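Worksheet: one structure, shown below.
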Amino acid sequence: MTVWVLRVYRGVPSHQYWEEFELPLLPSMNLISAFMWIQTNPINRQQEKTTPIAWEQGCLEEVCGSCSMLVNGRPRQACSAIIANYLRDKPNEPMQVAPLTKFPLIRDLVVDRTRMFRALEKAKAWIPAEGSWDPKTFGPDISQETQQALYQLSTCMTCGCCSESY
């Protein structure tokens, strides 16, 4: 069985550090399944017992954006980060994961994306659902231009990856 190394940037805002884990390479393994493997077997590469990695997950199909993080320095969702694809490019190098840097760190790979949600709220990036029209109608009257602008905003899955590009 092939063994690979996952290097995780862990900790809390005042104390962050790298920790490495050796894992078996399983067919179609993604980062979420690697984190789950570590959760059931929290032993680092030095064979020391450690705490499981903190991360977020939701849909597990690249729709919700909750598992966004830096994978080998690039922003993406962990649920669609297939380990074999990364190992094919650099088979002898550890795969590195770290939290997004543009949001406040909570712990390990978990960041507080509240600021992004508040900005979308402020921009009214969706059609209000309650109290804004007669319930017997199909919805509020909105111009075609406004509908198009709101539609563009509604396609954002609020993953935060775009914030890492600046």
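Following the order of the structure tokens, first chain is A, next is B, and so on, with residues numbered from 1 inside each chain and ligands from 1 in the order they appear.
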Exercise. Please return as a ChimeraX atom specification: the residues of chain A that backbone DSSP assigns to alpha helix (DSSP H).
Key: /A:31-40,83-89,114-122,144-154
Quiz prompt | Expected answer as a list in words: strand (DSSP E or B) residues in segment 56-110 of chain A | solution =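 Across segment 56-110 of chain A, those assigned strand (DSSP E or B) are Ser68, Met69, Leu70, Val71, Arg74, Pro75, Arg76, Gln77, Ile82, Met95, Gln96, Val97, Ala98, Leu105, Ile106, Arg107 and Val110 of chain A.
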Next, write the just-selected residues to a file, as a PDB file, in the first residue's frame, keeping N, CA and C atoms as the atom set.
```pdb
ATOM      1  N   SER A  68     -13.278  25.149   2.158  1.00  0.00           N
ATOM      2  CA  SER A  68     -12.226  25.879   1.447  1.00  0.00           C
ATOM      3  C   SER A  68     -10.990  26.053   2.318  1.00  0.00           C
ATOM      4  N   MET A  69      -9.841  25.898   1.688  1.00  0.00           N
ATOM      5  CA  MET A  69      -8.553  26.047   2.367  1.00  0.00           C
ATOM      6  C   MET A  69      -7.471  26.195   1.307  1.00  0.00           C
ATOM      7  N   LEU A  70      -6.248  26.397   1.735  1.00  0.00           N
ATOM      8  CA  LEU A  70      -5.125  26.444   0.809  1.00  0.00           C
ATOM      9  C   LEU A  70      -4.553  25.034   0.684  1.00  0.00           C
ATOM     10  N   VAL A  71      -4.486  24.555  -0.538  1.00  0.00           N
ATOM     11  CA  VAL A  71      -3.933  23.235  -0.821  1.00  0.00           C
ATOM     12  C   VAL A  71      -2.699  23.461  -1.684  1.00  0.00           C
ATOM     13  N   ARG A  74      -2.629  26.992  -2.919  1.00  0.00           N
ATOM     14  CA  ARG A  74      -3.702  27.488  -3.778  1.00  0.00           C
ATOM     15  C   ARG A  74      -5.065  27.279  -3.122  1.00  0.00           C
ATOM     16  N   PRO A  75      -5.945  28.280  -3.227  1.00  0.00           N
ATOM     17  CA  PRO A  75      -7.272  28.121  -2.624  1.00  0.00           C
ATOM     18  C   PRO A  75      -8.135  27.137  -3.399  1.00  0.00           C
ATOM     19  N   ARG A  76      -8.811  26.273  -2.659  1.00  0.00           N
ATOM     20  CA  ARG A  76      -9.751  25.327  -3.276  1.00  0.00           C
ATOM     21  C   ARG A  76     -10.548  24.617  -2.197  1.00  0.00           C
ATOM     22  N   GLN A  77     -11.492  23.787  -2.622  1.00  0.00           N
ATOM     23  CA  GLN A  77     -12.307  23.019  -1.686  1.00  0.00           C
ATOM     24  C   GLN A  77     -11.635  21.663  -1.446  1.00  0.00           C
ATOM     25  N   ILE A  82      -8.504  15.599  -4.904  1.00  0.00           N
ATOM     26  CA  ILE A  82      -8.210  14.169  -4.957  1.00  0.00           C
ATOM     27  C   ILE A  82      -6.703  13.972  -4.765  1.00  0.00           C
ATOM     28  N   MET A  95       1.973  16.793   0.760  1.00  0.00           N
ATOM     29  CA  MET A  95       0.876  17.655   0.349  1.00  0.00           C
ATOM     30  C   MET A  95       0.610  18.593   1.520  1.00  0.00           C
ATOM     31  N   GLN A  96       0.509  19.897   1.250  1.00  0.00           N
ATOM     32  CA  GLN A  96       0.353  20.877   2.323  1.00  0.00           C
ATOM     33  C   GLN A  96      -1.042  21.488   2.307  1.00  0.00           C
ATOM     34  N   VAL A  97      -1.628  21.628   3.493  1.00  0.00           N
ATOM     35  CA  VAL A  97      -2.902  22.323   3.633  1.00  0.00           C
ATOM     36  C   VAL A  97      -2.775  23.360   4.739  1.00  0.00           C
ATOM     37  N   ALA A  98      -3.440  24.494   4.525  1.00  0.00           N
ATOM     38  CA  ALA A  98      -3.414  25.589   5.491  1.00  0.00           C
ATOM     39  C   ALA A  98      -4.753  26.322   5.410  1.00  0.00           C
ATOM     40  N   LEU A 105      -8.663  33.454  11.772  1.00  0.00           N
ATOM     41  CA  LEU A 105      -8.489  32.044  12.108  1.00  0.00           C
ATOM     42  C   LEU A 105      -9.256  31.713  13.374  1.00  0.00           C
ATOM     43  N   ILE A 106      -9.943  30.582  13.357  1.00  0.00           N
ATOM     44  CA  ILE A 106     -10.583  30.070  14.569  1.00  0.00           C
ATOM     45  C   ILE A 106      -9.692  28.983  15.154  1.00  0.00           C
ATOM     46  N   ARG A 107      -9.454  27.923  14.377  1.00  0.00           N
ATOM     47  CA  ARG A 107      -8.562  26.841  14.814  1.00  0.00           C
ATOM     48  C   ARG A 107      -8.218  25.960  13.621  1.00  0.00           C
ATOM     49  N   VAL A 110     -10.096  26.005  10.190  1.00  0.00           N
ATOM     50  CA  VAL A 110     -11.397  26.681  10.304  1.00  0.00           C
ATOM     51  C   VAL A 110     -11.178  28.185  10.427  1.00  0.00           C
TER      52      VAL A 110
END
```
Quiz item: Using only C-alpha atoms, which residues sit within 12 Å of Pro42 of chain A once same-chain residues fewer than 2 positions away are excluded, as a PyMOL selection string?
Solution: chain A and resi 19-23+34-40+44-54
Quiz item: How many Å lie between atom CA of Ile83 of chain A and atom CA of Leu31 of chain A, rounded to one decimal?
Solution: 6.7 Å
Practice problem: Go through A:Gln57, A:Gln148, A:Asn85, A:Thr114 and flag the residue nearest Lys102 of chain A, using only C-alpha atoms for the distances. | Solution: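 Closest residue, counting only C-alpha atoms: A:Thr114.
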Practice problem: Tell me which protein, DNA and RNA residues are within 12 Å of Leu87 of chain A, counting only C-alpha atoms, leaving out same-chain ones fewer than 4 positions away, and put them as a list in words. | Solution: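 Counting only C-alpha atoms, the residues come to Thr2, Val3, Trp4, Val5, Leu6, Leu25, Met29, Asn30, Asn72, Ala81, Ile82, Ile83, Pro91, Asn92, Glu93, Pro94, Met95 and Gln96 of chain A.
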Exercise. Can you work out the spacing between atom CA of Glu62 of chain A and atom CA of Leu100 of chain A in Å, to one decimal?
Key: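 Taking atom CA of Glu62 of chain A as the start and atom CA of Leu100 of chain A as the end point, the length is 16.4 Å.
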Quiz prompt | Minimum-distance residue to Phe103 of chain A, chosen among A:Ala149, A:Leu120, A:Cys79, A:Cys159 (using only C-alpha atoms) | solution =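 For Phe103 of chain A, the nearest of the given residues is A:Cys159.
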